[in-house]
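Reproduced below: input-v8.cif, with mmCIF, C-alpha atoms.
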data_run
loop_
_atom_site.label_atom_id
_atom_site.label_comp_id
_atom_site.auth_asym_id
_atom_site.auth_seq_id
_atom_site.Cartn_x
_atom_site.Cartn_y
_atom_site.Cartn_z
CA MET A 1 0.06 9.15 -12.63
CA THR A 2 -2.80 11.16 -11.19
CA VAL A 3 -5.20 10.28 -8.43
CA ARG A 4 -7.95 10.00 -11.03
CA HIS A 5 -6.03 7.08 -12.56
CA LEU A 6 -6.01 5.41 -9.15
CA TYR A 7 -9.78 5.80 -8.95
CA TRP A 8 -10.20 4.17 -12.37
CA LEU A 9 -7.80 1.34 -11.50
CA THR A 10 -9.70 0.71 -8.27
CA ILE A 11 -13.00 0.62 -10.16
CA ALA A 12 -11.51 -1.73 -12.77
CA PHE A 13 -10.15 -4.09 -10.11
CA GLY A 14 -13.48 -4.00 -8.28
CA VAL A 15 -15.50 -4.87 -11.37
CA ALA A 16 -13.02 -7.55 -12.47
CA GLY A 17 -13.01 -9.11 -9.01
CA CYS A 18 -16.80 -9.02 -8.85
CA ILE A 19 -17.07 -10.77 -12.20
CA ALA A 20 -14.48 -13.37 -11.23
CA TYR A 21 -16.05 -14.09 -7.84
CA SER A 22 -19.52 -14.25 -9.37
CA ALA A 23 -18.38 -16.69 -12.05
CA VAL A 24 -16.49 -18.98 -9.68
CA GLN A 25 -18.28 -18.75 -6.32
CA GLY A 26 -21.67 -17.18 -6.93
CA PHE A 27 -23.35 -13.81 -7.12
CA ARG A 28 -23.47 -13.05 -3.38
CA LEU A 29 -19.71 -13.38 -3.00
CA GLY A 30 -19.20 -11.29 -6.13
CA LEU A 31 -21.50 -8.64 -4.68
CA ALA A 32 -19.59 -8.76 -1.38
CA PHE A 33 -16.34 -8.17 -3.27
CA LEU A 34 -17.88 -5.28 -5.22
CA LEU A 35 -19.26 -3.64 -2.07
CA GLY A 36 -15.87 -4.01 -0.39
CA ALA A 37 -14.25 -2.43 -3.44
CA GLY A 38 -16.77 0.41 -3.25
CA ILE A 39 -15.80 1.09 0.35
CA SER A 40 -12.16 0.94 -0.73
CA LEU A 41 -12.84 3.56 -3.40
CA VAL A 42 -14.56 5.83 -0.88
CA ASN A 43 -11.62 5.32 1.48
CA LEU A 44 -9.18 6.30 -1.29
CA TRP A 45 -11.19 9.44 -2.02
CA LEU A 46 -11.42 10.27 1.68
CA PHE A 47 -7.67 9.73 2.09
CA ASN A 48 -6.96 12.10 -0.80
CA TYR A 49 -9.39 14.72 0.51
CA LEU A 50 -8.18 14.59 4.10
CA ALA A 51 -4.50 14.54 3.12
CA GLY A 52 -5.10 17.73 1.15
CA SER A 53 -6.92 19.36 4.03
CA LEU A 54 -4.16 18.45 6.49
CA ALA A 55 -1.41 19.90 4.29
CA PRO A 56 0.20 23.08 5.62
CA SER A 57 -1.51 26.16 4.27
CA THR A 58 -2.62 29.61 5.25
CA SER A 59 -6.17 28.47 5.98
CA GLU A 60 -7.58 27.91 9.42
CA ASN A 61 -6.59 24.89 11.49
CA LYS A 62 -9.05 22.00 11.12
CA PRO A 63 -8.60 19.50 13.95
CA TRP A 64 -11.62 17.55 12.67
CA SER A 65 -9.54 16.54 9.64
CA ALA A 66 -6.97 14.76 11.77
CA ARG A 67 -9.69 12.90 13.67
CA ALA A 68 -11.44 11.95 10.45
CA PHE A 69 -8.14 10.78 8.96
CA VAL A 70 -7.72 8.29 11.80
CA SER A 71 -11.38 7.33 12.13
CA ARG A 72 -11.65 6.29 8.48
CA TYR A 73 -10.14 2.95 9.50
CA LEU A 74 -13.05 2.44 11.86
CA LEU A 75 -15.37 3.21 8.96
CA LEU A 76 -13.57 0.60 6.84
CA PHE A 77 -14.00 -2.02 9.55
CA ALA A 78 -17.64 -1.10 10.20
CA GLY A 79 -18.47 -1.15 6.49
CA GLY A 80 -16.83 -4.53 6.01
CA TYR A 81 -18.61 -5.95 9.04
CA ALA A 82 -21.95 -4.62 7.80
CA ILE A 83 -21.44 -6.24 4.38
CA ILE A 84 -20.55 -9.59 5.97
CA ARG A 85 -23.57 -9.50 8.28
CA ALA A 86 -26.02 -8.26 5.63
CA LEU A 87 -25.05 -10.78 2.95
CA GLY A 88 -24.18 -13.64 5.30
CA VAL A 89 -20.91 -14.40 3.52
CA ASN A 90 -17.43 -15.29 4.68
CA PRO A 91 -15.07 -12.32 5.14
CA LEU A 92 -12.55 -13.20 2.40
CA PRO A 93 -14.24 -11.53 -0.60
CA VAL A 94 -15.02 -8.44 1.45
CA VAL A 95 -11.44 -8.14 2.70
CA LEU A 96 -10.09 -8.65 -0.82
CA GLY A 97 -12.51 -6.01 -2.07
CA LEU A 98 -11.33 -3.62 0.63
CA LEU A 99 -7.79 -4.08 -0.69
CA THR A 100 -8.55 -3.06 -4.28
CA SER A 101 -7.30 0.51 -3.82
CA THR A 102 -4.09 -0.91 -2.38
CA ALA A 103 -3.69 -3.08 -5.46
CA ALA A 104 -4.33 -0.03 -7.64
CA VAL A 105 -1.59 1.92 -5.86
CA VAL A 106 0.87 -0.98 -6.22
CA VAL A 107 0.12 -1.40 -9.93
CA ALA A 108 0.38 2.36 -10.51
CA SER A 109 3.72 2.46 -8.66
CA ILE A 110 5.11 -0.42 -10.71
CA ALA A 111 3.89 1.20 -13.93
CA GLU A 112 5.58 4.43 -12.87
CA LEU A 113 8.89 2.59 -12.47
CA PHE A 114 8.83 1.44 -16.07
CA ARG A 115 7.57 4.66 -17.59
CA PRO A 116 10.27 6.58 -19.44
CA SER A 117 11.30 9.77 -17.72
CA THR A 118 10.77 13.09 -19.44
CA PRO A 119 13.42 15.79 -19.31
#
Translate the structure described by the file into structure tokens.
Amino acid sequence: MTVRHLYWLTIAFGVAGCIAYSAVQGFRLGLAFLLGAGISLVNLWLFNYLAGSLAPSTSENKPWSARAFVSRYLLLFAGGYAIIRALGVNPLPVVLGLLTSTAAVVVASIAELFRPSTP
């Protein structure tokens, strides 16, 4: 499975969660989930980009990549906090939205286990 599939799974989980939260608890909580999922998608992209830039290669050393790799967790926290403060909602839908890329990775890993191997 490619990283592009993980992006699409994250988007699908974000939209599905937004629809479910909106139907059950209201539009603001659905929007909070969707915004959290959006931050999760950006975090997944940033993880992929920074992991590629940190890989050993013949290019110049980029110490900013290592700092950015660690500081993305601060960006996750700050983004989640900003969503909670801006919308005035409880943290649960935002936290669940932030975990959508994790759910996408778990589902992709399970699907990979059951996929037939090719010689």
Kindly indicate which residue among A:Leu76, A:Ile110, A:Leu46, A:Ala32 lies nearest to Val89 in chain A, using all atoms listed in the file for the distances.
->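 Among the listed residues, the smallest separation from Val89 in chain A belongs to A:Ala32.
A straight line drawn from CA of Cys18 in chain A to CA of Thr2 in chain A is 24.7 Å long.
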Return as AutoDock Vina command-line options the centre and edge lengths, in Å with one decimal, of the box along x, y and z that encloses every atom of range 96-103 of chain A in the file, padded by 5 Å per side.
--center_x -8.1 --center_y -4.1 --center_z -2.4 --size_x 18.8 --size_y 19.2 --size_z 16.1
Selection: 12 Å around Ala16 in chain A, only C-alpha atoms, excl. self and same-chain fewer than 3 positions, as an MDAnalysis selection string = chainID A and resid 9:13 19:23 30:31 33:34 37 97 100
Surrounding residues of Ala111 in chain A excluding itself and chain neighbours under 6 positions, 12 Å, all atoms listed in the file, as a ChimeraX atom specification | /A:1,5-6,9,104-105,117
Residue with smallest distance to Phe77 in chain A - pool A:Leu50, A:Leu98, A:Ala108, A:Leu113, counting all atoms listed in the file |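 Answer, going by the shortest atom-to-atom distance: A:Leu98.
Remark: for Gln25 in chain A, the closest of the candidate residues A:Pro93, A:Gly80, A:Gly38, A:Gly88 is A:Pro93 (distances computed over all atoms listed in the file).
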CA of Val15 in chain A to CA of Leu41 in chain A, straight-line distance in Å | 11.9 Å
Could you jot down the CA of Tyr81 in chain A to CA of Tyr7 in chain A separation for me, Å, one decimal place?
->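 Distance reported for this atom pair: 23.2 Å.
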Hey, which of A:Ala82, A:Val3, A:Val106, A:Leu29 ends up closest to Gly17 in chain A? Count only C-alpha atoms.
->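 Distance minimum relative to Gly17 in chain A lands on A:Leu29.
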Kindly indicate which residue among A:Ala103, A:Phe69, A:Ser109, A:Leu87 lies nearest to Phe47 in chain A, using only C-alpha atoms for the distances.
->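 With only C-alpha atoms as the atom set, the closest residue is A:Phe69.
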Kindly reconstruct range 28-46 of chain A with N, CA and C atoms and present the result as a CSV table (one decimal), in the frame of the given file.
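The result, stored in out-v8.csv:
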chain,number,residue,atom,x,y,z
A,28,ARG,N,-23.6,-13.7,-4.7
A,28,ARG,CA,-23.5,-13.0,-3.4
A,28,ARG,C,-22.0,-12.7,-3.0
A,29,LEU,N,-21.1,-13.6,-3.3
A,29,LEU,CA,-19.7,-13.4,-3.0
A,29,LEU,C,-19.2,-12.3,-4.0
A,30,GLY,N,-19.6,-12.3,-5.2
A,30,GLY,CA,-19.2,-11.3,-6.1
A,30,GLY,C,-19.7,-9.9,-5.7
A,31,LEU,N,-20.9,-9.9,-5.2
A,31,LEU,CA,-21.5,-8.6,-4.7
A,31,LEU,C,-20.7,-8.2,-3.4
A,32,ALA,N,-20.4,-9.1,-2.6
A,32,ALA,CA,-19.6,-8.8,-1.4
A,32,ALA,C,-18.3,-8.1,-1.8
A,33,PHE,N,-17.6,-8.7,-2.8
A,33,PHE,CA,-16.3,-8.2,-3.3
A,33,PHE,C,-16.6,-6.8,-3.8
A,34,LEU,N,-17.6,-6.6,-4.6
A,34,LEU,CA,-17.9,-5.3,-5.2
A,34,LEU,C,-18.2,-4.2,-4.2
A,35,LEU,N,-19.0,-4.6,-3.1
A,35,LEU,CA,-19.3,-3.6,-2.1
A,35,LEU,C,-18.0,-3.3,-1.3
A,36,GLY,N,-17.1,-4.3,-1.0
A,36,GLY,CA,-15.9,-4.0,-0.4
A,36,GLY,C,-15.0,-3.1,-1.2
A,37,ALA,N,-15.0,-3.3,-2.5
A,37,ALA,CA,-14.2,-2.4,-3.4
A,37,ALA,C,-14.8,-1.0,-3.5
A,38,GLY,N,-16.1,-0.9,-3.3
A,38,GLY,CA,-16.8,0.4,-3.2
A,38,GLY,C,-16.3,1.2,-2.0
A,39,ILE,N,-16.3,0.5,-0.9
A,39,ILE,CA,-15.8,1.1,0.4
A,39,ILE,C,-14.3,1.5,0.2
A,40,SER,N,-13.6,0.6,-0.5
A,40,SER,CA,-12.2,0.9,-0.7
A,40,SER,C,-12.0,2.2,-1.6
A,41,LEU,N,-12.9,2.4,-2.6
A,41,LEU,CA,-12.8,3.6,-3.4
A,41,LEU,C,-13.2,4.8,-2.6
A,42,VAL,N,-14.2,4.7,-1.7
A,42,VAL,CA,-14.6,5.8,-0.9
A,42,VAL,C,-13.4,6.1,0.1
A,43,ASN,N,-12.8,5.1,0.6
A,43,ASN,CA,-11.6,5.3,1.5
A,43,ASN,C,-10.5,6.0,0.8
A,44,LEU,N,-10.2,5.7,-0.5
A,44,LEU,CA,-9.2,6.3,-1.3
A,44,LEU,C,-9.5,7.8,-1.5
A,45,TRP,N,-10.8,8.1,-1.8
A,45,TRP,CA,-11.2,9.4,-2.0
A,45,TRP,C,-11.1,10.2,-0.7
A,46,LEU,N,-11.5,9.6,0.4
A,46,LEU,CA,-11.4,10.3,1.7
A,46,LEU,C,-10.0,10.5,2.1
